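Here's the structure, in structure tokens; my notes come after.
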Amino acid sequence: MPAQILSGKEVADRILADVAKEVDSLARSGCRPFLAVVRVGDDPASVAYVRGKRKDAARVGILSEEHTFPEETGQEDVCALIDRLNREEGVHGILVQLPLPPHIDEEAIIERIAPEKDVDGFHPVNVGRMVLGQETFLPCTPHGILMMLRHAGVEVRGRHVVVVGRSNIVGKPLANLLLQKREGGNATVTVCHTATPDIGSFTRQADIVVVAAGRPGVLTADMVREGAVVIDVGINRVEDPSSPRGYRLIGDVAFEEVARKASLITPVPGGVGLVTRAMLLWNTVRAARLAQE
Ligand code: GUN
């Protein structure tokens, strides 16, 4: 039987409805959540992501502003802006869109953001809190994946989850959240990466496979067990002259063939990406709420 499709839109809409209620409640106490987005250069994917994030923000009543720098901007100029945004009381969340141009020290930029405004959950203080299981801003994509699994009624506890990819943004934090001893965790987790020989020998043992490798076709049908749950985090642009934009988006999973074997699968586009955006706004209202306390 072909897999059920787990729509990101459905999950994101539900989260955004909760966020909108929280925005209303904050507005009644005179606070309007505000997100500052920083972008350096003209990477088309980053431009599109930021546009999507701001569109969602506007939809739920969160104010946002975008600061764009030309590609050749130096480290000091970006740091100076972050320092200013850190000081501004009306700014609750700061997001620096990654990747940054190679001459900019990404780690130093992330560390410059005040941890209480780090709505991406990338600051080492917030990463440390997350690893320890403390209350903090959880990184949006891993948190979104947990929300999708919960929404679909997929029990994680006691299951074997194989994560393909070990990025700081997805693979590492997701593996961590899945193994934590609390609701949404308690999984047995294996992480595969570019130095793993025969990734299929691991993914074939998985109840749930999450692919965040950043390359199309990383997971094929022969690599999944019948009835597995498959979460595709990849967003890859491939040329497509028949599309009006000249390209189309595909995930890391060979969707058609894997969907014939899996029990549940997320699509690209329309999957994890939409929920990631919703979780960013969830973190932004949380930042605004904490600033009121
Ligand atoms: N680039 C790709 N994903 C992300 C994300 O979640 N946050 C930021 N800031 N940049 C990204």
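Just so we're on the same page: first chain in the structure tokens is A, next is B, and so on; residues restart at 1 for each chain, and ligands are numbered from 1 in the order they show up.
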DSSP alpha helix (DSSP H) residues within segment 1-63 of chain A, listed as a PyMOL selection string
chain A and resi 8-28+44-59
Within-10 Å residues of ligand 1, basis only C-alpha atoms and all ligand atoms, as a PDB file with C-alpha atoms, in the first residue's frame:
```
ATOM      1  CA  VAL A  37      15.977  39.109  10.193  1.00  0.00           C
ATOM      2  CA  VAL A  38      19.528  39.660   8.948  1.00  0.00           C
ATOM      3  CA  ARG A  39      20.655  38.534   5.516  1.00  0.00           C
ATOM      4  CA  ALA A  45      17.435  30.205  -1.568  1.00  0.00           C
ATOM      5  CA  SER A  46      18.051  32.506   1.423  1.00  0.00           C
ATOM      6  CA  TYR A  49      13.368  31.423   2.867  1.00  0.00           C
ATOM      7  CA  VAL A  50      13.358  34.876   4.447  1.00  0.00           C
ATOM      8  CA  ILE A  94      17.005  37.977  15.960  1.00  0.00           C
ATOM      9  CA  LEU A  95      17.603  35.593  13.087  1.00  0.00           C
ATOM     10  CA  VAL A  96      20.714  35.659  10.922  1.00  0.00           C
ATOM     11  CA  GLN A  97      19.971  33.683   7.788  1.00  0.00           C
ATOM     12  CA  LEU A  98      22.609  31.035   7.062  1.00  0.00           C
ATOM     13  CA  PRO A  99      24.785  30.298   5.215  1.00  0.00           C
ATOM     14  CA  LEU A 100      26.837  33.483   5.448  1.00  0.00           C
ATOM     15  CA  ILE A 110      25.809  33.346  16.162  1.00  0.00           C
ATOM     16  CA  ASP A 118      18.246  33.646  19.672  1.00  0.00           C
ATOM     17  CA  VAL A 119      14.995  32.345  18.196  1.00  0.00           C
ATOM     18  CA  ASP A 120      16.918  29.904  15.950  1.00  0.00           C
ATOM     19  CA  GLY A 121      18.257  28.142  19.046  1.00  0.00           C
ATOM     20  CA  PHE A 122      21.775  28.134  17.572  1.00  0.00           C
ATOM     21  CA  PRO A 139      16.137  24.699  16.947  1.00  0.00           C
ATOM     22  CA  CYS A 140      13.218  25.044  14.557  1.00  0.00           C
ATOM     23  CA  THR A 141      13.679  22.126  12.158  1.00  0.00           C
ATOM     24  CA  PRO A 142      14.264  19.387  14.780  1.00  0.00           C
ATOM     25  CA  ILE A 169      21.101  22.848  12.373  1.00  0.00           C
ATOM     26  CA  VAL A 170      19.321  19.499  11.972  1.00  0.00           C
ATOM     27  CA  ILE A 235      15.377  21.094  -0.045  1.00  0.00           C
ATOM     28  CA  GLY A 273      10.010  23.363   5.680  1.00  0.00           C
ATOM     29  CA  THR A 276      10.230  24.865  10.509  1.00  0.00           C
ATOM     30  CA  ARG A 277       8.864  28.318   9.673  1.00  0.00           C
ATOM     31  CA  MET A 279       8.417  26.889  14.941  1.00  0.00           C
ATOM     32  CA  LEU A 280      10.456  30.046  14.372  1.00  0.00           C
TER      33      LEU A 280
END
```
Would you pick out the contacts of Phe255 of chain A at 9 Å or less, using only C-alpha atoms, so that residues sharing its chain but fewer than 6 positions from it are not included, and give the list as an MDAnalysis selection string?
chainID A and resid 217 219:221 232 265:268
Nearest to Lys181 of chain A, chosen from A:Gly128, A:Gly133, A:Gly200, A:Gly144, with only C-alpha atoms counted in the distances:
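Closest residue, counting only C-alpha atoms: A:Gly133.
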Residues of segment 84-192 of chain A in strand (DSSP E or B), written as a tab-separated table (two decimals) with N, CA and C atoms, in the first residue's frame:
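What ended up in states_1.tsv:
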```tsv
chain	number	residue	atom	x	y	z
A	93	GLY	N	13.18	38.86	18.79
A	93	GLY	CA	13.92	37.75	18.18
A	93	GLY	C	14.86	38.26	17.10
A	94	ILE	N	16.04	37.63	17.01
A	94	ILE	CA	17.01	37.98	15.96
A	94	ILE	C	17.36	36.69	15.22
A	95	LEU	N	17.25	36.75	13.90
A	95	LEU	CA	17.60	35.59	13.09
A	95	LEU	C	18.60	36.03	12.02
A	96	VAL	N	19.75	35.40	11.99
A	96	VAL	CA	20.71	35.66	10.92
A	96	VAL	C	20.62	34.49	9.96
A	118	ASP	N	17.80	34.63	20.66
A	118	ASP	CA	18.25	33.65	19.67
A	118	ASP	C	17.12	32.67	19.33
A	160	HIS	N	13.47	2.70	16.89
A	160	HIS	CA	14.81	2.98	16.38
A	160	HIS	C	14.70	4.05	15.29
A	161	VAL	N	15.29	5.21	15.56
A	161	VAL	CA	15.29	6.29	14.58
A	161	VAL	C	16.69	6.40	13.98
A	162	VAL	N	16.79	6.39	12.67
A	162	VAL	CA	18.08	6.62	12.02
A	162	VAL	C	18.04	7.99	11.36
A	163	VAL	N	18.97	8.84	11.77
A	163	VAL	CA	19.09	10.19	11.23
A	163	VAL	C	20.26	10.18	10.24
A	164	VAL	N	20.02	10.63	9.02
A	164	VAL	CA	21.10	10.70	8.04
A	164	VAL	C	21.48	12.18	7.90
A	188	THR	N	15.72	5.10	20.41
A	188	THR	CA	17.09	4.62	20.20
A	188	THR	C	17.55	5.28	18.91
A	189	VAL	N	18.66	5.99	18.96
A	189	VAL	CA	19.03	6.84	17.82
A	189	VAL	C	20.38	6.43	17.21
A	190	THR	N	20.38	6.33	15.90
A	190	THR	CA	21.63	6.12	15.16
A	190	THR	C	21.81	7.31	14.22
A	191	VAL	N	23.02	7.84	14.16
A	191	VAL	CA	23.28	8.95	13.23
A	191	VAL	C	24.27	8.47	12.16
A	192	CYS	N	23.86	8.58	10.90
A	192	CYS	CA	24.75	8.24	9.78
A	192	CYS	C	25.21	9.53	9.12
```
Which residue out of A:Ile145, A:Met1, A:Ala213, A:Ile15 has the minimum interatomic distance to Asn283 of chain A when only C-alpha atoms are used?
A:Ile15
Find, counting only C-alpha atoms, the residue in A:His193, A:His67, A:Arg166, A:Arg157 that gets nearest to Leu81 of chain A.
A:His67
A:Val60, A:Ala48, A:Ile109, A:Val154: which is nearest Glu22 of chain A, counting only C-alpha atoms?
A:Val60
Find the residues around Ala228 of chain A up to 8 Å (only C-alpha atoms counted), leave out those fewer than 4 positions away in its own chain, and share them as a PyMOL selection string.
chain A and resi 206-209+224+261-264
Store the residues picked out above, limited to N, CA and C atoms, as a CSV table (one decimal), in the first residue's frame.
```csv
chain,number,residue,atom,x,y,z
A,206,ALA,N,15.7,0.8,10.6
A,206,ALA,CA,15.0,1.9,11.3
A,206,ALA,C,13.5,1.7,11.2
A,207,ASP,N,12.8,2.1,12.3
A,207,ASP,CA,11.4,2.3,12.3
A,207,ASP,C,11.0,3.7,11.7
A,208,ILE,N,11.9,4.6,12.0
A,208,ILE,CA,11.7,6.0,11.4
A,208,ILE,C,13.1,6.4,10.8
A,209,VAL,N,13.1,6.9,9.6
A,209,VAL,CA,14.3,7.5,9.0
A,209,VAL,C,14.1,9.0,8.8
A,224,VAL,N,15.0,1.2,2.7
A,224,VAL,CA,14.0,1.3,3.8
A,224,VAL,C,13.3,0.0,4.0
A,261,LYS,N,6.9,2.0,-0.4
A,261,LYS,CA,7.3,1.1,0.6
A,261,LYS,C,7.1,1.6,2.1
A,262,ALA,N,7.1,2.9,2.2
A,262,ALA,CA,7.0,3.5,3.6
A,262,ALA,C,5.5,3.5,4.0
A,263,SER,N,5.2,3.7,5.3
A,263,SER,CA,3.8,3.8,5.7
A,263,SER,C,3.4,5.3,5.8
A,264,LEU,N,4.4,6.1,6.0
A,264,LEU,CA,4.1,7.6,6.1
A,264,LEU,C,5.4,8.3,5.6
```
Extract, using only C-alpha atoms, all DNA, RNA and protein residues at most 8 Å from Gly214 of chain A, discarding same-chain residues fewer than 3 positions from it, and format them as a ChimeraX atom specification.
/A:234-236,252
Which of A:Arg286, A:Arg225, A:Arg260, A:Arg28 sits closest to Pro2 of chain A [using only C-alpha atoms]
A:Arg260
Near-Val272 of chain A list (6 Å; only C-alpha atoms; drop same-chain fewer than 2 positions) as number ranges by chain
A: 8, 233, 274-275
Which residue of A:Val127, A:Ala291, A:Ala57, A:Ala36 approaches Arg84 of chain A most closely, using only C-alpha atoms
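Closest residue, counting only C-alpha atoms: A:Ala36.
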